[in-house]
Protein chains: 6
Amino acid sequence: MNNALPRNLVAEIVARALAEDLGGRGDVTTLATVPAEAAGRFRLVSRQHGVLSGVEAATETFCQVDPAIEVDWLEGDGDVLEPGRIVAELDGPAASILTAERTALNFLGRLSGIATLTRRFVDAVAGTNAGIAHTRKTTPGLRALELQAVVAGGGVRHRFGLDDAILVKDNHVAMAGSVGEAVRRARAYAGHMLRVAAEVDDLEQLDEALGAGADSVLLDNFDTADLRQAVMRSRGRGVTLEASGNVSLETVGAIAATGVDVISVGALTHSAACLDLGLDEHVS
Amino acid sequence: MNNALPRNLVAEIVARALAEDLGGRGDVTTLATVPAEAAGRFRLVSRQHGVLSGVEAATETFCQVDPAIEVDWLEGDGDVLEPGRIVAELDGPAASILTAERTALNFLGRLSGIATLTRRFVDAVAGTNAGIAHTRKTTPGLRALELQAVVAGGGVRHRFGLDDAILVKDNHVAMAGSVGEAVRRARAYAGHMLRVAAEVDDLEQLDEALGAGADSVLLDNFDTADLRQAVMRSRGRGVTLEASGNVSLETVGAIAATGVDVISVGALTHSAACLDLGLDEHVS
Amino acid sequence: MNNALPRNLVAEIVARALAEDLGGRGDVTTLATVPAEAAGRFRLVSRQHGVLSGVEAATETFCQVDPAIEVDWLEGDGDVLEPGRIVAELDGPAASILTAERTALNFLGRLSGIATLTRRFVDAVAGTNAGIAHTRKTTPGLRALELQAVVAGGGVRHRFGLDDAILVKDNHVAMAGSVGEAVRRARAYAGHMLRVAAEVDDLEQLDEALGAGADSVLLDNFDTADLRQAVMRSRGRGVTLEASGNVSLETVGAIAATGVDVISVGALTHSAACLDLGLDEHVS
Amino acid sequence: MNNALPRNLVAEIVARALAEDLGGRGDVTTLATVPAEAAGRFRLVSRQHGVLSGVEAATETFCQVDPAIEVDWLEGDGDVLEPGRIVAELDGPAASILTAERTALNFLGRLSGIATLTRRFVDAVAGTNAGIAHTRKTTPGLRALELQAVVAGGGVRHRFGLDDAILVKDNHVAMAGSVGEAVRRARAYAGHMLRVAAEVDDLEQLDEALGAGADSVLLDNFDTADLRQAVMRSRGRGVTLEASGNVSLETVGAIAATGVDVISVGALTHSAACLDLGLDEHVS
Amino acid sequence: MNNALPRNLVAEIVARALAEDLGGRGDVTTLATVPAEAAGRFRLVSRQHGVLSGVEAATETFCQVDPAIEVDWLEGDGDVLEPGRIVAELDGPAASILTAERTALNFLGRLSGIATLTRRFVDAVAGTNAGIAHTRKTTPGLRALELQAVVAGGGVRHRFGLDDAILVKDNHVAMAGSVGEAVRRARAYAGHMLRVAAEVDDLEQLDEALGAGADSVLLDNFDTADLRQAVMRSRGRGVTLEASGNVSLETVGAIAATGVDVISVGALTHSAACLDLGLDEHVS
Amino acid sequence: MNNALPRNLVAEIVARALAEDLGGRGDVTTLATVPAEAAGRFRLVSRQHGVLSGVEAATETFCQVDPAIEVDWLEGDGDVLEPGRIVAELDGPAASILTAERTALNFLGRLSGIATLTRRFVDAVAGTNAGIAHTRKTTPGLRALELQAVVAGGGVRHRFGLDDAILVKDNHVAMAGSVGEAVRRARAYAGHMLRVAAEVDDLEQLDEALGAGADSVLLDNFDTADLRQAVMRSRGRGVTLEASGNVSLETVGAIAATGVDVISVGALTHSAACLDLGLDEHVS
């Protein structure tokens, strides 16, 4: 599945990251110690088991620092890595490669960390029909890349942001008076190209949301018995059921076994540890 | 200690985060379900133990969405939170507060997560003189805020980026021929206002770095016996010793006990889990 | 219905418009002829029948030129205007008001022109259930404001851009081999929060699209007999039917009478004439 | 005549247009349905009679989406088109071409619409010396491209914005006390490189403006008798006479026949309908 | 004469200047040494004779750093300063004032330096009709402010940049074949709202330029005898004569005495020394 | 020594400079007079003695205007120029070269002026150990390029801005109570990667600063006798001594002879005259 991002979008994120690291003088260490004319060959190597993501951002980073850097990727987004696996080979001005190193690794480490954690959740629900979805609990400014990483890890897409789908949550319900009323208002507003989802706290609210015409219902903090009930009640109504709330690698399998369609996991983006990758000089 | 960031810098980061979430239509859920004129009172509440950070960014988020939102902070950056602690009270147009909620929480959650993890490392070295420092393994585009969070958690500052201090690492040493030569080049380049630090792999390289005039030496992956040796050898030479490499909450105490001045911990920023905070409606 | 746009978004569009008009020296005519300290009272007056839109952008324009300008709106987005109707009263530094005049009027004229044309189409389908929707044939850089104007005129929303809904068109069908295959691929890609629409050229393709699970079908250039057929065939299948292609004020009523749900009209944004509004000095 | 725009300026306008359409996920329809490796050949075809404009912006659009797209223009800005005329041939990754399609067409349609309407006015004054000029009633953010389109249609340039020429209008006259006084202030302010034009409502004001040294006089809403009077009175005084106000294709010929030098027409940019162009797959 | 610049333009220049100085951590010296809550009163004092300019940029600088800073200007753009003259009084958070100090002084020093040098040239031509004009030899990125400073010093405006007037120079003449041909092409291109100026090297070229209809002629490196000849030859032809080339304070008086209308002086902006102003604590 | 700046940083500064000069229409003179297809060969020639700087910015300027321009540099940053020396040869579209000319020359002239003045100060201290350093009295927005020019002229680097080193000045001392207290606070704040410098007014304050642990002391307005005293007192304490205040080409030699390490000279950047360079057509 084609998972590429708009080029300008990636370029802009990378430009900001480089500006932050290079400041007004650039990489003074490399300027001081590495001759401008020295060529270098390096290898991007994984130091852990995991799933790769961030290839577009890393490529763009090397290119913005110096278009003379050649990057040859041996692995792509979504590929499984083990310790020692060579991910890419780099050839070009050594000074430029060292200057770009940390920023490129910061993208790869964070995004591969997200892909890796996603894959673990996906593996934990293997054999069920449940998809593992991201939430909006992403790093400010990096959402596009982080959702790309979730997909690289085998996850499924949720709404991107506040403006591309309607998701009625508890505070909206409070302001509208009831789940049913909130969904009806949403339905009227949505037109024919926006989905309407509603978060519910119990089976009663589920019935109300279904009655009001929600396309999708998010079952928040339901126990597995209630999840099963929810699945039964909405069977054949063309509605998507999503479970959420305190989902962990320990609990996700049982949740998936209830028959829900989607399980959304905030931790995918808000609490994934970076995957450790490094840049080694390549003495051929 | 005053830890404020430049206003324009925070404003720019927040503007990008909001643009990402609001797209071209804004918060369609809230527009559909919450009357424009409805006022609301909400409370930002911690749901975990931790240390707060991100107050500037969260304040700016609410302000950019709607200057009519009033935010009253009961806790500040660096304050310790426990589950249920009210962090802030918000008053204003309910629609605006709900629109800003997730972005504000994304800042607070990530930055408080970093502050919280930093505090745990700081506590683990209590009674020693070692400072806990960040690295450059930060989220692209958020470094300023993340380093602020490290300081809020009790950590100490390292260099901000590539251009404000010299840090000779293994790849620079390889290109320059030796640690000594690399430090000498750095020294000549640095002028009188840039520090020169060098990463070394063993005690021999330490001696070489000291002889060449490094201000600070980063002892990479030394065992505690070698760290103690390093401390003894450099005593009275006016140099800062920094330990790094696979530092964990389990090992950091023993590392600190060797007498090193600083311990740098990549995990502070690259692998901290978010702190869980939420927005509750406040029925007074 | 709340139709407000994100503040930062409007501010950025207005800032670009002002930069374009003011260049590096500003309004040299006003600087030359109007004393800086002169106060002025002006009225924004409609010179035609129409529907107002652009109030947010115009307000922001005056505010960016000079926050001392007070704008008191007597009419709001969606209100019907006739010649001579006073839309707003302005009070403040005369020089600033004159400097902002043209840019504010350019926003109001264009957006009110769109709202006005939309209203004429909406009126022409009165008594049917058909909504009048915009397309993506908008002015580059102004889409958010132009879609707001369509809604102000009584129109309904379509997808905002390429990334918030799937709409399979003829060229996609050609690349995928068939409508059915294209819709299946789209369905698999979409996840549970993106709608899948497909454009079809005849009733056979309609059946194929319905069979593959499209949420919405766009009936392109169907005559009214085929539209009626389409409505009958898809009854009870929970799918939205949209008519498009060469829709005019003359034909739209008959199209709506076929029972389609939505009629999309490119002309709303690509060919609306501006509504004429002017700024008159107000001698009280 | 060379009519090219600064490259950075066009690039910036196109980048904004693409960002608006592509959002944070890009063209999800094409990503879902078109294989990344599929090549495509397409033709840009005119579906109406008209005059082409927008070649620079459309080229830049395809290039920003994917530099691998090759665009071969068979027609250029200012060329006359008829239905079915092939304007350009495109070769390259099919997915990229489809992603860029709408944005490129939006530029071409709007700008060609302006060039086309301009040409109709220009043709209507054939045989006279009157030039057809644009006004500042342009689309916010697109002025540079729209004025380029006016020139492509055979029109003549007026001032670009508020800062590159002085144009005294009624509200300035009101603040300065009289046309004469306003022109004198303008003259003193202008220096030797800015033109001074003045708008007048009657022949008396014309005399006043001429006496005060205006370089150009804009005769607002004069009937043809008064226009002829104005031409006679200002003969030999080295002043440019411009007619404006409610100029239509019906009236413009008679206005031009009075001998005025320039006729400015707001409708060129504020009310031109788009020219219909389309992208067809090219099966060779 | 009103000499104000567009607010957004000044804000953008100031934002860049502050970003450059504050980097990712802000003013670490002040953060370390000045308590956040300390109030301060300071005076902006001139340490030299000169003419003030830069008030808008300096005000904006203080405001962007901290809106709580109150600035009370005792002198304005164009006012004459002597050593010790208090230019402004500042009240507010001491830390904020110190952080803004250098950037504000950099604007004031550079712009006042330009205003001061301009005033010296203006004084040197007192009693003649010659205006002292700037050129385009300005600091990249600061042209708007620098031209404002020239006007503050009593100078007159030339064209702002390449797009707001035509100035045919030697290289254009070389490409067009002759001054006459270049001016004719320019005349045809210009329309009625752009001035056409031509640079000439001798009296023959002057005649050619006048014959071709130049509005203004720039006499480059003419000696005073030839300047007088030029003034005589063009008398009564409604053309502006401008002298340029190696104009110094020693020579400018004699040049002005020849009767030329304008003398353009690159040194005003490319070689003015800064005026020395300082910020003193104010112990009342 | 490698003195290159980050590519994106230079690109952004150049883009702003071009936008300022080209406005919304570009170089109307060249568009009018030079055929688009004409090729040209030009030479960048120095008209004065001096030291070159600005090669990166000038190259980027030509490239942004038109990538088809080929620039062949015969001299590089830091090279000594005399009148008539050919600095670069340019080949490409004549129109593009002329459009870029002034902006490129503005960068080269200003930056070479700074390099030239720096070299004069450096030559004046030949035979001593004193380095000539810049200050923060730079042109807003151009600091990175101006400091590069100082280094090209043989100068040494000081801190870049407020955030990369601590420099306690008189106003900080006043707020902290004493030099010693201010330095102690700074020391505590600095961590191990930021230098702490302090400005002192007399020998007593010098002792206080040394006692508090300053890395560097800035001796402000000391006479040479006191400078010598300061050098003696701080011998062997590992501290850098910097002299500043009213340093001129006449006095700098005597100051350097006192044995101070660094002499900082604001005039390098705030008062250097531009170096005169020009673009000549090259008739081969």
# chains A, B, ... in the order shown; residues from 1 in each chain; ligands from 1
call {"tool": "residues_around", "arguments": {"residues": "Val151 in chain B", "least_positions_apart": "3", "cutoff": "9 Å", "atoms": "only C-alpha atoms", "output": "PyMOL selection string"}}
result
chain B and resi 3+78+115+118+133+146-148+154-157
call {"tool": "interface_residues", "arguments": {"of": "chain A", "to": "chain E", "cutoff": "9 Å", "atoms": "only C-alpha atoms", "output": "list of chain:residue names"}}
result
A:Glu20, A:Gly23, A:Gly24
call {"tool": "atom_distance", "arguments": {"atom1": "CA of Leu111 in chain D", "atom2": "CA of Leu249 in chain C"}}
result
24.3 Å
call {"tool": "select_by_dssp", "arguments": {"residues": "range 33-204 of chain D", "states": "helix (DSSP H, G or I)", "output": "ChimeraX atom specification"}}
result
/D:33,55-65,94-124,143-152,170-176,179-190,203-204
call {"tool": "atom_distance", "arguments": {"atom1": "CA of Ala152 in chain B", "atom2": "CA of His134 in chain B"}}
result
12.0 Å
call {"tool": "select_by_dssp", "arguments": {"residues": "range 12-168 of chain E", "states": "strand (DSSP E or B)", "output": "count of residues only"}}
result
31
call {"tool": "atom_distance", "arguments": {"atom1": "CA of Glu242 in chain B", "atom2": "CA of Thr30 in chain E"}}
result
26.6 Å
call {"tool": "residues_around", "arguments": {"residues": "range 59-72 of chain A", "least_positions_apart": "3", "cutoff": "9 Å", "atoms": "only C-alpha atoms", "output": "list in words"}}
result
Val10, Ala11, Val14, Ala15, Ala17, Leu18, Gly54, Val55, Glu56, Val87, Ala88, Glu89, Leu90, Asp91, Gly92, Pro93, Ala94, Ser96, Ile97, Thr99, Ala100, Glu101, Thr103 and Ala104 of chain A; Pro6, Arg7 and Asn8 of chain F
call {"tool": "residues_around", "arguments": {"residues": "range 174-185 of chain F", "least_positions_apart": "6", "cutoff": "7 Å", "atoms": "only C-alpha atoms", "output": "MDAnalysis selection string"}}
result
(chainID E and resid 32:34) or (chainID F and resid 168 198 205 208:209 212 214)
call {"tool": "write_last_selection", "arguments": {"atoms": "N, CA and C atoms", "output": "PDB file, in the first residue's frame"}}
result
ATOM      1  N   ALA E  32      19.793  33.897  34.173  1.00  0.00           N
ATOM      2  CA  ALA E  32      20.619  33.455  35.302  1.00  0.00           C
ATOM      3  C   ALA E  32      20.754  34.503  36.382  1.00  0.00           C
ATOM      4  N   THR E  33      20.766  35.773  35.974  1.00  0.00           N
ATOM      5  CA  THR E  33      21.187  36.788  36.946  1.00  0.00           C
ATOM      6  C   THR E  33      20.095  37.743  37.400  1.00  0.00           C
ATOM      7  N   VAL E  34      19.013  37.849  36.637  1.00  0.00           N
ATOM      8  CA  VAL E  34      17.986  38.839  36.984  1.00  0.00           C
ATOM      9  C   VAL E  34      16.712  38.118  37.422  1.00  0.00           C
TER      10      VAL E  34
ATOM     11  N   VAL F 168      27.927  38.514  31.474  1.00  0.00           N
ATOM     12  CA  VAL F 168      27.361  39.397  32.493  1.00  0.00           C
ATOM     13  C   VAL F 168      27.811  40.827  32.199  1.00  0.00           C
ATOM     14  N   ALA F 198      32.357  37.876  32.099  1.00  0.00           N
ATOM     15  CA  ALA F 198      31.823  39.019  32.840  1.00  0.00           C
ATOM     16  C   ALA F 198      32.527  40.282  32.389  1.00  0.00           C
ATOM     17  N   GLN F 205      36.762  44.955  40.346  1.00  0.00           N
ATOM     18  CA  GLN F 205      35.738  44.061  39.778  1.00  0.00           C
ATOM     19  C   GLN F 205      36.384  42.868  39.084  1.00  0.00           C
ATOM     20  N   GLU F 208      37.014  40.344  41.655  1.00  0.00           N
ATOM     21  CA  GLU F 208      35.746  39.751  42.075  1.00  0.00           C
ATOM     22  C   GLU F 208      35.265  38.710  41.062  1.00  0.00           C
ATOM     23  N   ALA F 209      35.365  39.050  39.794  1.00  0.00           N
ATOM     24  CA  ALA F 209      34.931  38.122  38.748  1.00  0.00           C
ATOM     25  C   ALA F 209      35.787  36.864  38.747  1.00  0.00           C
ATOM     26  N   ALA F 212      34.918  34.622  41.565  1.00  0.00           N
ATOM     27  CA  ALA F 212      33.619  33.939  41.410  1.00  0.00           C
ATOM     28  C   ALA F 212      33.635  32.884  40.311  1.00  0.00           C
ATOM     29  N   ALA F 214      34.705  33.260  36.798  1.00  0.00           N
ATOM     30  CA  ALA F 214      34.441  33.572  35.389  1.00  0.00           C
ATOM     31  C   ALA F 214      35.467  32.874  34.501  1.00  0.00           C
TER      32      ALA F 214
END
call {"tool": "closest_residue", "arguments": {"among": "D:Thr116, D:Asn129, D:Thr139, D:Gln229", "to": "Cys274 in chain D", "atoms": "only C-alpha atoms"}}
result
D:Thr116
call {"tool": "residues_around", "arguments": {"residues": "Asp261 in chain F", "least_positions_apart": "6", "cutoff": "12 Å", "atoms": "only C-alpha atoms", "output": "list in words"}}
result
Gly191 and His192 of chain B; Val125, Thr128, Asn129, Ala130, Gly131, Ile132, Ala133, Val156, Ser216, Val217, Leu218, Leu219, Leu227, Arg228, Ala230, Val231, Ser234, Arg235, Gly238, Val239, Thr240, Leu241, Glu242, Ala243, Ser244 and Ile255 of chain F
